[in-house]
Amino acid sequence: MHEVLKRNLGYKIVSLLLAILFWLWVTNTNTTPTQTLNGDQTLTVTLVTKNIPSNSIVMTKLPSVRVRLKGNNPSVNVNDLYTYVDLSGADPGEHQYTIQMDPIPGVQIVELTPKTVNLTIDTVQEKMLPVQANITGTPAEGLMAGEPIIKPSIVNVRGPGSVLAGLDKVTVEMSIAEATESVTKSLPIMFRDKQGQSIFSSAPNMETLFASPGSVEVIVPIMAKDAASKTIPVSIKSEGEPAVGMNLRSLQAVPDRVQVWGKPGDLNAINALDLGTVSIAGLSENKTFQINSEKVNLPAGVSMSSGTNFTVVASIGKAAQTKTLTDMNVEVRNIPNELVLDQPPGKIEITVEAIPEILNQLTAGQILLWVDAAGQAEGSHSDVKVYWQLPSGVKMISTPSVSYSLKVK
């Protein structure tokens, strides 16, 4: 054993010394110098938020705060100090909040600059959005690219309601430059506004939008240029009735168009791709259906890219309701030049129908009612049809009429 310990003793000693030196270097490198509170100091500290309400998010970048302190407390490291705003009960929108700092034993907080901060609070919402593939580059000579296949073609996006309102899709980016065969890639979801600009958070270290899933598989078919192709719309039907009090708002297939291949004569036999029927029986909320291309019937000689999947979204909402509005004014238009209104129409009552989200916001001022007096003669006119202009999504249930009279000027 003694001989073993003495063997290569010089190398062992050098290795031990190097290990000790390396440990000392790592320890000193990772140690942050401690600065304690001593005397009158002005420091720049971080501003954080506390007690953010559930499903809310701060849209404003938080500034740094200058803090003037007076006193001694050698046990406090100034690197651990911070200020905060308390967002308990905060409502959506822009509001002013007081900047606070917890008391420090033995130290007086002389001044905070700034004392307040304006913060915009938004509500976190979710939205199902289609995925659009931005394809760049061209395949190798003699080849062409077909329509990209995206799996899944719809993702759930979570983020501030004000940002989601401006989004109608998410994107992925893919290059097929010099491709000689079909290209398949898993690509991350990207968020761009309607002008194509990337959407970033107000704070560099904070994510504003989240997609689930965060990436999708994109397949771009590559084929000979002489292959005949045709892009056709996709159709889908529903069966059954939603839960009581609910209604089918929309039934949407994504993608809503698909590229098929075949001989020109065979392609003439198909003008739309029928995905079949989905059941909405008993549904009380939105539902997504996945339909594989293998379950879709195509005419003989017609094909589409293998792996094509369709997503069908059944949007379910509360059924339309009615609302009666009273004391509605009716205007008389196009009175002949030689006549004037003698007895105007009386106020009327109308009944309209819309989904609750629209109906609850509807006011009388959004509705225009009028009668057309063009070509009418002097005297009384009874049961004259009333015309109307309603906000989008609102339907007139009643068919109102009025009476009025005209006289010579």
# chains A, B, ... in the order shown; residues from 1 in each chain; ligands from 1

$ closest_atom_pairs --of "segment 156-226 of chain A" --to "segment 293-307 of chain A" --cutoff "9 Å" --atoms "only C-alpha atoms" --output "Markdown table"
| residue | atom | partner | partner_atom | distance |
| --- | --- | --- | --- | --- |
| A:Ile219 | CA | A:Gly307 | CA | 8.3 |
| A:Val220 | CA | A:Ser305 | CA | 8.8 |
| A:Pro221 | CA | A:Ser305 | CA | 6.8 |

$ select_by_dssp --residues "segment 67-237 of chain A" --states "strand (DSSP E)" --output "PyMOL selection string"
chain A and resi 67-71+73-77+82-86+93-98+107-113+116-136+143-145+149-151+154-160+170-175+183-188+210-212+215-220+222-224+229-237

$ residues_around --residues "segment 284-292 of chain A" --least-positions-apart "2" --cutoff "10 Å" --atoms "only C-alpha atoms" --output "JSON, numbers by chain"
{"A": [128, 152, 154, 242, 243, 244, 245, 246, 247, 248, 249, 250, 251, 252, 253, 254, 275, 276, 278, 279, 280, 281, 282, 294, 295, 296, 306, 307, 308, 309, 310, 311, 312, 313, 314, 315, 316, 317, 318]}

$ residues_around --residues "Thr42 of chain A" --least-positions-apart "3" --cutoff "12 Å" --atoms "only C-alpha atoms" --output "tab-separated table (two decimals) with N, CA and C atoms, in the first residue's frame"
chain	number	residue	atom	x	y	z
A	37	LEU	N	-26.59	48.00	4.05
A	37	LEU	CA	-27.13	49.33	4.27
A	37	LEU	C	-26.31	50.05	5.33
A	38	ASN	N	-25.82	51.22	4.95
A	38	ASN	CA	-24.95	51.96	5.86
A	38	ASN	C	-25.05	53.44	5.52
A	39	GLY	N	-25.64	54.24	6.40
A	39	GLY	CA	-25.71	55.68	6.20
A	39	GLY	C	-26.83	56.07	5.25
A	45	VAL	N	-33.72	49.99	-7.50
A	45	VAL	CA	-34.19	48.64	-7.19
A	45	VAL	C	-35.29	48.22	-8.16
A	65	VAL	N	-37.08	51.65	-9.81
A	65	VAL	CA	-37.44	52.68	-8.83
A	65	VAL	C	-36.19	53.10	-8.06
A	66	ARG	N	-36.03	54.41	-7.89
A	66	ARG	CA	-34.92	54.92	-7.09
A	66	ARG	C	-35.41	55.10	-5.65
A	67	VAL	N	-34.66	54.53	-4.74
A	67	VAL	CA	-35.05	54.53	-3.33
A	67	VAL	C	-33.96	55.22	-2.51
A	68	ARG	N	-34.36	56.20	-1.73
A	68	ARG	CA	-33.40	56.86	-0.82
A	68	ARG	C	-33.64	56.32	0.58
A	69	LEU	N	-32.57	55.76	1.17
A	69	LEU	CA	-32.64	55.12	2.49
A	69	LEU	C	-31.68	55.82	3.45
A	70	LYS	N	-32.06	55.82	4.72
A	70	LYS	CA	-31.21	56.45	5.73
A	70	LYS	C	-31.18	55.54	6.96
A	71	GLY	N	-30.01	55.13	7.37
A	71	GLY	CA	-29.88	54.28	8.55
A	71	GLY	C	-28.89	53.16	8.31
A	78	VAL	N	-28.30	44.89	-0.03
A	78	VAL	CA	-29.08	45.79	-0.88
A	78	VAL	C	-29.52	45.10	-2.17
A	108	GLN	N	-34.70	54.09	7.61
A	108	GLN	CA	-35.82	54.94	7.22
A	108	GLN	C	-35.91	55.01	5.69
A	109	ILE	N	-37.11	54.74	5.16
A	109	ILE	CA	-37.34	54.89	3.71
A	109	ILE	C	-37.71	56.34	3.47
A	110	VAL	N	-36.75	57.13	3.01
A	110	VAL	CA	-36.94	58.57	2.89
A	110	VAL	C	-37.81	58.93	1.69
A	111	GLU	N	-37.53	58.30	0.53
A	111	GLU	CA	-38.25	58.72	-0.69
A	111	GLU	C	-38.20	57.60	-1.73
A	112	LEU	N	-39.32	57.44	-2.46
A	112	LEU	CA	-39.39	56.54	-3.61
A	112	LEU	C	-39.65	57.38	-4.84
A	113	THR	N	-38.89	57.15	-5.89
A	113	THR	CA	-39.06	57.89	-7.14
A	113	THR	C	-39.12	56.90	-8.31

$ residues_around --residues "Met328 of chain A" --least-positions-apart "3" --cutoff "9 Å" --atoms "only C-alpha atoms" --output "list in words"
Leu325, Gly346, Lys347, Ile348, Glu349, Ile350, Ala364, Ile367 and Leu369 of chain A

$ residues_around --residues "Glu94 of chain A" --least-positions-apart "6" --cutoff "9 Å" --atoms "only C-alpha atoms" --output "list in words"
Asn118, Leu119, Thr120, Ile121 and Asp122 of chain A

$ closest_residue --among "A:Gln376, A:Asn334, A:Asn271, A:Ser405" --to "Gln259 of chain A" --atoms "only C-alpha atoms"
A:Asn271

$ residues_around --residues "Gln197 of chain A" --least-positions-apart "2" --cutoff "12 Å" --atoms "only C-alpha atoms" --output "ChimeraX atom specification"
/A:166-167,170-171,190-195,199-200

$ atom_distance --atom1 "atom CA of Arg257 of chain A" --atom2 "atom CA of Ser212 of chain A"
23.7 Å

$ select_by_dssp --residues "segment 120-355 of chain A" --states "alpha helix (DSSP H)" --output "JSON, numbers by chain"
{"A": [161, 162, 163, 164, 264, 265, 266, 267]}

$ closest_residue --among "A:Ile99, A:Ala133, A:Ile189, A:Leu368" --to "Arg333 of chain A" --atoms "only C-alpha atoms"
A:Leu368

$ closest_residue --among "A:Ile149, A:Leu362, A:Leu209, A:Val386" --to "Val330 of chain A" --atoms "only C-alpha atoms"
A:Val386

$ atom_distance --atom1 "atom CA of Thr138 of chain A" --atom2 "atom CA of Asp168 of chain A"
27.2 Å

$ decode --residues "segment 379-398 of chain A" --atoms "C-alpha atoms" --output "mmCIF file, in the first residue's frame"
data_model
loop_
_atom_site.group_PDB
_atom_site.id
_atom_site.type_symbol
_atom_site.label_atom_id
_atom_site.label_comp_id
_atom_site.auth_asym_id
_atom_site.auth_seq_id
_atom_site.Cartn_x
_atom_site.Cartn_y
_atom_site.Cartn_z
ATOM 1 C CA GLY A 379 -104.499 62.582 -46.678
ATOM 2 C CA SER A 380 -104.263 59.773 -44.164
ATOM 3 C CA HIS A 381 -102.238 56.642 -44.783
ATOM 4 C CA SER A 382 -102.846 53.548 -42.650
ATOM 5 C CA ASP A 383 -100.970 50.280 -42.109
ATOM 6 C CA VAL A 384 -97.901 51.562 -43.937
ATOM 7 C CA LYS A 385 -95.005 49.099 -43.895
ATOM 8 C CA VAL A 386 -92.054 50.097 -41.751
ATOM 9 C CA TYR A 387 -88.509 49.526 -43.031
ATOM 10 C CA TRP A 388 -85.602 48.995 -40.688
ATOM 11 C CA GLN A 389 -81.852 48.917 -40.360
ATOM 12 C CA LEU A 390 -80.485 46.646 -37.600
ATOM 13 C CA PRO A 391 -76.992 45.939 -36.246
ATOM 14 C CA SER A 392 -75.254 42.826 -37.571
ATOM 15 C CA GLY A 393 -76.598 39.642 -35.998
ATOM 16 C CA VAL A 394 -79.975 41.154 -35.057
ATOM 17 C CA LYS A 395 -83.194 39.926 -36.699
ATOM 18 C CA MET A 396 -86.596 41.640 -36.737
ATOM 19 C CA ILE A 397 -89.310 39.290 -35.459
ATOM 20 C CA SER A 398 -92.354 41.563 -35.701
#
